[in-house]
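Enquirer: I am sharing model-v4.pdb, which consists of PDB, C-alpha atoms, pLDDT in the B column:
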MODEL        1
ATOM      1  CA  MET A   1      16.731  96.424  41.271  1.00 59.00           C
ATOM      2  CA  LYS A   2      19.786  94.442  42.333  1.00 63.00           C
ATOM      3  CA  SER A   3      20.907  93.983  38.728  1.00 65.00           C
ATOM      4  CA  ALA A   4      20.714  97.763  38.175  1.00 63.00           C
ATOM      5  CA  GLU A   5      22.772  98.357  41.313  1.00 70.00           C
ATOM      6  CA  SER A   6      25.315  95.764  40.185  1.00 77.00           C
ATOM      7  CA  LEU A   7      25.615  97.478  36.807  1.00 81.00           C
ATOM      8  CA  ASP A   8      26.151 100.833  38.515  1.00 82.00           C
ATOM      9  CA  ASP A   9      28.866  99.250  40.664  1.00 84.00           C
ATOM     10  CA  VAL A  10      30.600  97.862  37.584  1.00 88.00           C
ATOM     11  CA  LYS A  11      30.475 101.271  35.899  1.00 88.00           C
ATOM     12  CA  ARG A  12      31.821 102.988  39.010  1.00 91.00           C
ATOM     13  CA  LEU A  13      34.655 100.504  39.470  1.00 93.00           C
ATOM     14  CA  GLY A  14      35.515 100.650  35.782  1.00 93.00           C
ATOM     15  CA  THR A  15      35.571 104.451  35.784  1.00 94.00           C
ATOM     16  CA  GLY A  16      37.722 104.545  38.916  1.00 95.00           C
ATOM     17  CA  LEU A  17      40.137 102.023  37.431  1.00 96.00           C
ATOM     18  CA  ALA A  18      40.334 104.103  34.236  1.00 96.00           C
ATOM     19  CA  PHE A  19      41.422 107.165  36.227  1.00 97.00           C
ATOM     20  CA  ILE A  20      44.118 105.082  37.913  1.00 97.00           C
ATOM     21  CA  LEU A  21      45.421 103.471  34.726  1.00 96.00           C
ATOM     22  CA  PHE A  22      45.194 106.618  32.572  1.00 95.00           C
ATOM     23  CA  PRO A  23      48.313 108.306  34.032  1.00 96.00           C
ATOM     24  CA  LEU A  24      50.123 105.175  35.223  1.00 97.00           C
ATOM     25  CA  LEU A  25      50.272 103.589  31.749  1.00 96.00           C
ATOM     26  CA  PHE A  26      51.739 106.794  30.346  1.00 96.00           C
ATOM     27  CA  LEU A  27      54.139 106.995  33.279  1.00 96.00           C
ATOM     28  CA  PHE A  28      55.449 103.481  32.652  1.00 96.00           C
ATOM     29  CA  ALA A  29      55.667 103.998  28.891  1.00 95.00           C
ATOM     30  CA  PHE A  30      57.755 107.153  29.216  1.00 96.00           C
ATOM     31  CA  ALA A  31      59.866 105.830  32.110  1.00 96.00           C
ATOM     32  CA  VAL A  32      61.243 102.935  30.030  1.00 95.00           C
ATOM     33  CA  HIS A  33      62.598 105.214  27.292  1.00 94.00           C
ATOM     34  CA  PRO A  34      66.394 105.163  27.179  1.00 92.00           C
ATOM     35  CA  GLY A  35      68.366 108.385  27.592  1.00 90.00           C
ATOM     36  CA  LEU A  36      65.876 110.146  29.850  1.00 92.00           C
ATOM     37  CA  LEU A  37      68.646 112.117  31.549  1.00 90.00           C
ATOM     38  CA  ASN A  38      70.186 113.138  28.227  1.00 91.00           C
ATOM     39  CA  PRO A  39      67.258 114.850  26.485  1.00 91.00           C
ATOM     40  CA  HIS A  40      67.684 115.869  22.853  1.00 91.00           C
ATOM     41  CA  GLN A  41      65.472 115.680  19.804  1.00 91.00           C
ATOM     42  CA  LEU A  42      65.888 112.569  17.663  1.00 93.00           C
ATOM     43  CA  SER A  43      65.581 112.090  13.931  1.00 93.00           C
ATOM     44  CA  PRO A  44      63.151 109.442  12.628  1.00 93.00           C
ATOM     45  CA  GLU A  45      66.121 107.140  11.955  1.00 94.00           C
ATOM     46  CA  GLU A  46      67.315 107.518  15.557  1.00 94.00           C
ATOM     47  CA  VAL A  47      63.815 106.846  16.888  1.00 94.00           C
ATOM     48  CA  ILE A  48      63.618 103.648  14.822  1.00 94.00           C
ATOM     49  CA  LEU A  49      67.025 102.387  15.907  1.00 94.00           C
ATOM     50  CA  ARG A  50      66.210 103.171  19.529  1.00 94.00           C
ATOM     51  CA  ALA A  51      63.041 101.084  19.306  1.00 92.00           C
ATOM     52  CA  HIS A  52      64.662  98.236  17.345  1.00 93.00           C
ATOM     53  CA  GLN A  53      64.949  95.069  19.469  1.00 92.00           C
ATOM     54  CA  ASN A  54      63.839  96.982  22.587  1.00 93.00           C
ATOM     55  CA  SER A  55      61.043  94.764  23.902  1.00 91.00           C
ATOM     56  CA  LEU A  56      60.433  96.855  27.020  1.00 93.00           C
ATOM     57  CA  LEU A  57      59.969 100.009  24.978  1.00 93.00           C
ATOM     58  CA  ALA A  58      57.663  98.123  22.585  1.00 92.00           C
ATOM     59  CA  PHE A  59      55.564  96.976  25.545  1.00 93.00           C
ATOM     60  CA  GLY A  60      55.331 100.559  26.790  1.00 93.00           C
ATOM     61  CA  HIS A  61      54.079 101.710  23.397  1.00 91.00           C
ATOM     62  CA  VAL A  62      51.458  98.942  23.364  1.00 92.00           C
ATOM     63  CA  LEU A  63      50.241 100.194  26.758  1.00 93.00           C
ATOM     64  CA  VAL A  64      49.810 103.673  25.273  1.00 93.00           C
ATOM     65  CA  LEU A  65      47.744 102.066  22.515  1.00 91.00           C
ATOM     66  CA  PHE A  66      45.391 100.683  25.173  1.00 92.00           C
ATOM     67  CA  ASP A  67      45.469 104.020  26.999  1.00 93.00           C
ATOM     68  CA  ALA A  68      43.871 105.609  23.942  1.00 92.00           C
ATOM     69  CA  ALA A  69      40.673 103.702  24.760  1.00 93.00           C
ATOM     70  CA  ILE A  70      40.861 104.582  28.461  1.00 95.00           C
ATOM     71  CA  ILE A  71      41.134 108.266  27.556  1.00 95.00           C
ATOM     72  CA  ILE A  72      37.604 108.174  26.135  1.00 95.00           C
ATOM     73  CA  VAL A  73      36.239 106.956  29.483  1.00 95.00           C
ATOM     74  CA  ILE A  74      38.018 109.842  31.242  1.00 96.00           C
ATOM     75  CA  ALA A  75      36.672 112.425  28.800  1.00 95.00           C
ATOM     76  CA  LEU A  76      33.104 111.136  29.193  1.00 95.00           C
ATOM     77  CA  ARG A  77      33.394 111.365  32.977  1.00 95.00           C
ATOM     78  CA  PHE A  78      34.475 115.008  32.694  1.00 95.00           C
ATOM     79  CA  MET A  79      31.565 115.691  30.359  1.00 94.00           C
ATOM     80  CA  ARG A  80      29.107 114.221  32.858  1.00 93.00           C
ATOM     81  CA  LEU A  81      30.584 116.355  35.630  1.00 93.00           C
ATOM     82  CA  LEU A  82      30.153 119.478  33.514  1.00 93.00           C
ATOM     83  CA  ASP A  83      26.567 118.474  32.717  1.00 90.00           C
ATOM     84  CA  ARG A  84      25.782 119.449  36.314  1.00 84.00           C
ATOM     85  CA  ALA A  85      26.778 123.049  35.576  1.00 81.00           C
ATOM     86  CA  SER A  86      25.118 125.491  33.189  1.00 81.00           C
ATOM     87  CA  VAL A  87      24.246 124.686  29.595  1.00 84.00           C
ATOM     88  CA  ALA A  88      27.229 126.712  28.383  1.00 83.00           C
ATOM     89  CA  TRP A  89      29.724 124.721  30.447  1.00 88.00           C
ATOM     90  CA  ALA A  90      27.998 121.474  29.521  1.00 89.00           C
ATOM     91  CA  SER A  91      28.390 122.414  25.851  1.00 91.00           C
ATOM     92  CA  LEU A  92      32.121 122.938  26.361  1.00 90.00           C
ATOM     93  CA  GLY A  93      32.295 119.538  28.012  1.00 91.00           C
ATOM     94  CA  LEU A  94      30.669 117.985  24.939  1.00 93.00           C
ATOM     95  CA  ILE A  95      33.033 119.808  22.569  1.00 95.00           C
ATOM     96  CA  GLY A  96      35.944 118.606  24.674  1.00 95.00           C
ATOM     97  CA  VAL A  97      34.751 114.992  24.436  1.00 95.00           C
ATOM     98  CA  ALA A  98      34.432 115.214  20.649  1.00 96.00           C
ATOM     99  CA  LEU A  99      38.015 116.475  20.338  1.00 97.00           C
ATOM    100  CA  ASP A 100      39.284 113.948  22.902  1.00 96.00           C
ATOM    101  CA  VAL A 101      37.752 111.037  21.001  1.00 96.00           C
ATOM    102  CA  LEU A 102      39.274 112.194  17.712  1.00 96.00           C
ATOM    103  CA  GLY A 103      42.632 112.720  19.415  1.00 96.00           C
ATOM    104  CA  ALA A 104      42.456 109.252  20.989  1.00 95.00           C
ATOM    105  CA  VAL A 105      41.779 107.731  17.559  1.00 95.00           C
ATOM    106  CA  PHE A 106      44.837 109.488  16.122  1.00 95.00           C
ATOM    107  CA  LEU A 107      46.932 108.412  19.141  1.00 94.00           C
ATOM    108  CA  ALA A 108      45.912 104.791  18.607  1.00 93.00           C
ATOM    109  CA  ALA A 109      46.632 105.097  14.878  1.00 93.00           C
ATOM    110  CA  GLU A 110      50.086 106.544  15.527  1.00 93.00           C
ATOM    111  CA  LYS A 111      51.128 103.970  18.097  1.00 89.00           C
ATOM    112  CA  GLY A 112      49.593 101.153  16.089  1.00 88.00           C
ATOM    113  CA  ALA A 113      51.367 102.117  12.889  1.00 90.00           C
ATOM    114  CA  GLU A 114      54.707 102.834  14.535  1.00 89.00           C
ATOM    115  CA  SER A 115      55.111 100.495  17.492  1.00 89.00           C
ATOM    116  CA  LEU A 116      53.395  97.443  15.999  1.00 90.00           C
ATOM    117  CA  THR A 117      55.244  97.864  12.705  1.00 91.00           C
ATOM    118  CA  ILE A 118      58.662  98.131  14.342  1.00 90.00           C
ATOM    119  CA  SER A 119      57.819  95.160  16.553  1.00 90.00           C
ATOM    120  CA  ALA A 120      56.978  93.043  13.524  1.00 91.00           C
ATOM    121  CA  ALA A 121      60.154  94.186  11.750  1.00 91.00           C
ATOM    122  CA  ASP A 122      62.213  93.064  14.764  1.00 91.00           C
ATOM    123  CA  ALA A 123      61.535  89.461  13.708  1.00 90.00           C
ATOM    124  CA  LEU A 124      63.515  89.955  10.486  1.00 91.00           C
ATOM    125  CA  PRO A 125      67.233  89.305  10.010  1.00 92.00           C
ATOM    126  CA  GLN A 126      69.323  92.448  10.364  1.00 92.00           C
ATOM    127  CA  ASN A 127      70.028  92.769   6.634  1.00 92.00           C
ATOM    128  CA  GLN A 128      66.310  92.622   5.809  1.00 93.00           C
ATOM    129  CA  PHE A 129      65.549  95.102   8.572  1.00 93.00           C
ATOM    130  CA  ALA A 130      68.077  97.489   7.018  1.00 92.00           C
ATOM    131  CA  GLN A 131      66.303  97.166   3.671  1.00 93.00           C
ATOM    132  CA  MET A 132      63.040  98.198   5.352  1.00 92.00           C
ATOM    133  CA  MET A 133      64.560 101.360   6.807  1.00 94.00           C
ATOM    134  CA  PRO A 134      63.332 103.754   4.048  1.00 94.00           C
ATOM    135  CA  GLY A 135      59.762 102.540   4.542  1.00 92.00           C
ATOM    136  CA  LEU A 136      60.044 102.788   8.312  1.00 94.00           C
ATOM    137  CA  VAL A 137      61.421 106.323   8.020  1.00 95.00           C
ATOM    138  CA  ALA A 138      58.424 107.260   5.855  1.00 95.00           C
ATOM    139  CA  ILE A 139      56.090 105.942   8.581  1.00 94.00           C
ATOM    140  CA  PHE A 140      57.900 107.575  11.494  1.00 94.00           C
ATOM    141  CA  SER A 141      58.254 110.904   9.684  1.00 93.00           C
ATOM    142  CA  HIS A 142      54.495 110.818   8.969  1.00 93.00           C
ATOM    143  CA  GLN A 143      54.639 110.837   5.192  1.00 94.00           C
ATOM    144  CA  GLY A 144      51.502 110.525   3.073  1.00 94.00           C
ATOM    145  CA  TRP A 145      48.276 109.920   4.950  1.00 93.00           C
ATOM    146  CA  MET A 146      50.329 109.226   8.094  1.00 93.00           C
ATOM    147  CA  THR A 147      50.289 112.989   8.529  1.00 94.00           C
ATOM    148  CA  LEU A 148      46.768 112.564   9.918  1.00 94.00           C
ATOM    149  CA  VAL A 149      48.229 111.269  13.176  1.00 94.00           C
ATOM    150  CA  GLU A 150      49.383 114.831  13.863  1.00 94.00           C
ATOM    151  CA  GLY A 151      45.754 115.239  14.896  1.00 94.00           C
ATOM    152  CA  VAL A 152      46.729 113.736  18.243  1.00 95.00           C
ATOM    153  CA  VAL A 153      47.074 117.374  19.345  1.00 96.00           C
ATOM    154  CA  LEU A 154      43.252 117.446  19.439  1.00 96.00           C
ATOM    155  CA  LEU A 155      43.565 115.323  22.570  1.00 95.00           C
ATOM    156  CA  ALA A 156      45.391 118.079  24.406  1.00 96.00           C
ATOM    157  CA  ILE A 157      43.008 120.730  23.064  1.00 97.00           C
ATOM    158  CA  GLY A 158      39.927 118.753  24.119  1.00 96.00           C
ATOM    159  CA  PHE A 159      41.207 118.084  27.629  1.00 97.00           C
ATOM    160  CA  SER A 160      42.279 121.730  27.920  1.00 97.00           C
ATOM    161  CA  ILE A 161      38.746 122.893  27.117  1.00 96.00           C
ATOM    162  CA  GLN A 162      37.343 120.519  29.721  1.00 96.00           C
ATOM    163  CA  ALA A 163      40.007 121.482  32.280  1.00 96.00           C
ATOM    164  CA  ILE A 164      39.300 125.197  31.910  1.00 95.00           C
ATOM    165  CA  ALA A 165      35.558 124.558  32.211  1.00 95.00           C
ATOM    166  CA  MET A 166      36.132 122.469  35.352  1.00 95.00           C
ATOM    167  CA  ILE A 167      38.367 125.169  36.841  1.00 95.00           C
ATOM    168  CA  LYS A 168      35.586 127.701  36.304  1.00 94.00           C
ATOM    169  CA  THR A 169      32.807 125.476  37.654  1.00 93.00           C
ATOM    170  CA  ASN A 170      34.849 123.705  40.358  1.00 93.00           C
ATOM    171  CA  VAL A 171      33.061 120.405  39.694  1.00 93.00           C
ATOM    172  CA  ILE A 172      36.255 118.751  40.911  1.00 93.00           C
ATOM    173  CA  PRO A 173      38.932 120.409  43.053  1.00 94.00           C
ATOM    174  CA  ARG A 174      40.571 123.083  40.925  1.00 95.00           C
ATOM    175  CA  TRP A 175      44.091 121.833  41.568  1.00 97.00           C
ATOM    176  CA  ARG A 176      43.230 118.574  39.804  1.00 97.00           C
ATOM    177  CA  SER A 177      42.000 120.483  36.748  1.00 96.00           C
ATOM    178  CA  VAL A 178      45.116 122.675  36.762  1.00 97.00           C
ATOM    179  CA  LEU A 179      47.388 119.614  36.817  1.00 97.00           C
ATOM    180  CA  LEU A 180      45.361 118.143  33.940  1.00 97.00           C
ATOM    181  CA  LEU A 181      45.775 121.356  31.943  1.00 96.00           C
ATOM    182  CA  ILE A 182      49.544 121.366  32.482  1.00 97.00           C
ATOM    183  CA  GLY A 183      50.237 117.644  32.330  1.00 96.00           C
ATOM    184  CA  ILE A 184      48.306 116.858  29.155  1.00 96.00           C
ATOM    185  CA  TRP A 185      50.419 119.294  27.099  1.00 96.00           C
ATOM    186  CA  MET A 186      53.652 117.863  28.507  1.00 96.00           C
ATOM    187  CA  LEU A 187      52.790 114.397  27.165  1.00 94.00           C
ATOM    188  CA  GLY A 188      53.282 115.479  23.575  1.00 88.00           C
ATOM    189  CA  TRP A 189      56.941 116.487  23.839  1.00 89.00           C
ATOM    190  CA  PRO A 190      59.206 115.477  20.898  1.00 89.00           C
ATOM    191  CA  ASP A 191      60.929 112.101  20.684  1.00 91.00           C
ATOM    192  CA  GLY A 192      64.157 112.111  22.662  1.00 91.00           C
ATOM    193  CA  GLU A 193      62.818 114.498  25.309  1.00 93.00           C
ATOM    194  CA  GLU A 194      60.570 112.024  27.114  1.00 94.00           C
ATOM    195  CA  ILE A 195      61.719 113.307  30.501  1.00 96.00           C
ATOM    196  CA  VAL A 196      59.230 116.180  30.042  1.00 96.00           C
ATOM    197  CA  ALA A 197      56.421 113.749  29.192  1.00 96.00           C
ATOM    198  CA  LEU A 198      57.391 111.642  32.214  1.00 96.00           C
ATOM    199  CA  ILE A 199      57.017 114.666  34.489  1.00 97.00           C
ATOM    200  CA  GLY A 200      53.646 115.395  32.880  1.00 97.00           C
ATOM    201  CA  SER A 201      52.579 111.800  33.584  1.00 97.00           C
ATOM    202  CA  ILE A 202      53.572 112.220  37.221  1.00 97.00           C
ATOM    203  CA  LEU A 203      51.437 115.367  37.481  1.00 97.00           C
ATOM    204  CA  LEU A 204      48.472 113.481  36.030  1.00 97.00           C
ATOM    205  CA  ALA A 205      49.074 110.580  38.417  1.00 97.00           C
ATOM    206  CA  VAL A 206      49.127 112.932  41.410  1.00 97.00           C
ATOM    207  CA  ALA A 207      45.842 114.442  40.266  1.00 96.00           C
ATOM    208  CA  PHE A 208      43.877 111.379  39.222  1.00 96.00           C
ATOM    209  CA  VAL A 209      45.115 108.187  40.882  1.00 97.00           C
ATOM    210  CA  PRO A 210      43.653 109.296  44.267  1.00 96.00           C
ATOM    211  CA  TYR A 211      40.529 110.476  42.434  1.00 96.00           C
ATOM    212  CA  GLY A 212      40.128 107.065  40.823  1.00 96.00           C
ATOM    213  CA  ILE A 213      40.437 105.407  44.221  1.00 95.00           C
ATOM    214  CA  GLN A 214      37.749 107.726  45.598  1.00 95.00           C
ATOM    215  CA  ILE A 215      35.417 106.782  42.760  1.00 94.00           C
ATOM    216  CA  MET A 216      35.988 103.076  43.363  1.00 93.00           C
ATOM    217  CA  ARG A 217      35.267 103.544  47.065  1.00 91.00           C
ATOM    218  CA  ASN A 218      32.126 105.523  46.143  1.00 87.00           C
ATOM    219  CA  GLU A 219      33.260 108.471  48.247  1.00 73.00           C
TER     220      GLU A 219
ENDMDL
END
Would you mind writing the file's structure down as structure tokens?
Expert:
Amino acid sequence: MKSAESLDDVKRLGTGLAFILFPLLFLFAFAVHPGLLNPHQLSPEEVILRAHQNSLLAFGHVLVLFDAAIIIVIALRFMRLLDRASVAWASLGLIGVALDVLGAVFLAAEKGAESLTISAADALPQNQFAQMMPGLVAIFSHQGWMTLVEGVVLLAIGFSIQAIAMIKTNVIPRWRSVLLLIGIWMLGWPDGEEIVALIGSILLAVAFVPYGIQIMRNE
């Protein structure tokens, strides 16, 4: 009996921590981007040069890579909340999870291919790095099978389905679901306009950091 209770405590604490880290990792990652107050879209070459030898930005991108796994925990929690409603809403929760998981996979693939590759290339002498530029541009412009990472939009679609279902069922306070619906779409803004994604991260933090603390406190 005690072991079962201990396992439930671990699950509860882990879920609460996931809700806290989910927006805060994004917030940090977007906050360390240079030029936040001068938003403009960047070409793949400009994105590469901005990331080159920028260890803080590389660390932020690695955090987003880990956030891809945390996102799955969040989506499953929303699905379980919707399971308490009707079968129709529960079905939408399941559809949302399926899309969220696929989107998280594509997010991890994108950040893994881009941020880890540029980090490895930073170890090269400048002349060798310059020779790699055509290959890096092909990666960052999503050539070939890299185009699959565009599927990261499924993440926003999946969370939107769950958010709308939670607004309708009120399984969590509606304002939290509304902030999720708005904030999740702001995260995907183009490179060079990270100020919008930063604001979206703040909205998600306002909605879910207190919620994560409530879960951890078992309130």
Enquirer: Check what the PyMOL selection byres ((chain A and resi 212) around 9) selects in the file above and give those residues as a ChimeraX atom specification.
Expert: /A:13,15-21,208-211,213-217
Enquirer: To one decimal place in Å, what is the distance between CA of Val206 in chain A and CA of Val32 in chain A?
Expert: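 So the answer is 19.4 Å.
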Enquirer: Please indicate the distance in Å from CA of Val152 in chain A to CA of Ala113 in chain A, rounded to one decimal place.
Expert: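 Computing it gives 13.6 Å between the two atoms.
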Enquirer: For CA of Val87 in chain A and CA of Phe159 in chain A, determine how far apart the two atoms are, in Å to one decimal place.
Expert: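 Separating CA of Val87 in chain A from CA of Phe159 in chain A is a distance of 18.3 Å.
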Enquirer: Residue by residue, what does the PyMOL selection byres ((chain A and resi 89) around 10) grab here? Present the result as a VMD selection string.
Expert: chain A and resid 79 81 to 88 90 to 95 161 to 162 164 to 166 168 to 169
Enquirer: Which of these residues is nearest to Glu219 in chain A, using all atoms listed in the file: A:Arg80, A:Arg12, A:Leu155, A:Met186?
Expert: A:Arg12
Enquirer: Taking into account all atoms listed in the file, which residue in the set A:Val73, A:Pro173, A:Leu63, A:Glu150 is nearest to Phe30 in chain A?
Expert: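 For Phe30 in chain A, the nearest of the given residues is A:Leu63.
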Enquirer: Which of these, A:Pro190, A:Gly103, A:Gly158, A:Gly200, has the shortest distance to Pro39 in chain A once you count only C-alpha atoms?
Expert: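 Smallest separation from Pro39 in chain A among the options: A:Pro190.
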Enquirer: I want to know what sits within 8 Å of range 191-199 of chain A, based on only C-alpha atoms, with residues of the same chain fewer than 2 positions away left out; could you give that as an MDAnalysis selection string?
Expert: chainID A and resid 26:27 30:31 33 35:37 39:42 47 183 186:189 201:203
Enquirer: For a quick check of understanding, using all atoms listed in the file, which of A:Ile74, A:Arg176, A:Leu181, A:Val97 has the smallest distance to Ala207 in chain A?
Expert: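 Ranking A:Ile74, A:Arg176, A:Leu181, A:Val97 by distance to Ala207 in chain A, first place goes to A:Arg176.
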Enquirer: Would you compute an axis-aligned box for range 33-37 of chain A, covering every atom listed for it in the file with 3 Å of margin on each side, and report centre and edge lengths in Å to one decimal as lines of an AutoDock Vina configuration file?
Expert:
center_x = 65.6
center_y = 108.6
center_z = 29.4
size_x = 12.0
size_y = 13.0
size_z = 10.4
Enquirer: Expand the PyMOL selection byres ((chain A and resi 135-139) around 12) into the explicit residue set it covers here, and present it as a compact mmCIF listing (two decimals) with C-alpha atoms, in the frame of the given file.
Expert:
# COMPACT_ATOMS: atom_id res chain seq x y z
CA SER A 43 65.58 112.09 13.93
CA PRO A 44 63.15 109.44 12.63
CA GLU A 45 66.12 107.14 11.96
CA GLU A 46 67.32 107.52 15.56
CA VAL A 47 63.82 106.85 16.89
CA ILE A 48 63.62 103.65 14.82
CA LEU A 49 67.03 102.39 15.91
CA ALA A 51 63.04 101.08 19.31
CA HIS A 52 64.66 98.24 17.34
CA ALA A 109 46.63 105.10 14.88
CA GLU A 110 50.09 106.54 15.53
CA LYS A 111 51.13 103.97 18.10
CA GLY A 112 49.59 101.15 16.09
CA ALA A 113 51.37 102.12 12.89
CA GLU A 114 54.71 102.83 14.54
CA SER A 115 55.11 100.50 17.49
CA LEU A 116 53.40 97.44 16.00
CA THR A 117 55.24 97.86 12.70
CA ILE A 118 58.66 98.13 14.34
CA SER A 119 57.82 95.16 16.55
CA ALA A 120 56.98 93.04 13.52
CA ALA A 121 60.15 94.19 11.75
CA ASP A 122 62.21 93.06 14.76
CA GLN A 128 66.31 92.62 5.81
CA PHE A 129 65.55 95.10 8.57
CA ALA A 130 68.08 97.49 7.02
CA GLN A 131 66.30 97.17 3.67
CA MET A 132 63.04 98.20 5.35
CA MET A 133 64.56 101.36 6.81
CA PRO A 134 63.33 103.75 4.05
CA PHE A 140 57.90 107.58 11.49
CA SER A 141 58.25 110.90 9.68
CA HIS A 142 54.50 110.82 8.97
CA GLN A 143 54.64 110.84 5.19
CA GLY A 144 51.50 110.52 3.07
CA TRP A 145 48.28 109.92 4.95
CA MET A 146 50.33 109.23 8.09
CA THR A 147 50.29 112.99 8.53
CA LEU A 148 46.77 112.56 9.92
CA VAL A 149 48.23 111.27 13.18
Enquirer: Tell me which of A:Gln126, A:Arg174, A:Leu179, A:Ile71 sits closest to Leu25 in chain A, counting all atoms listed in the file.
Expert: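 The shortest atom-to-atom distance to Leu25 in chain A comes from A:Ile71.
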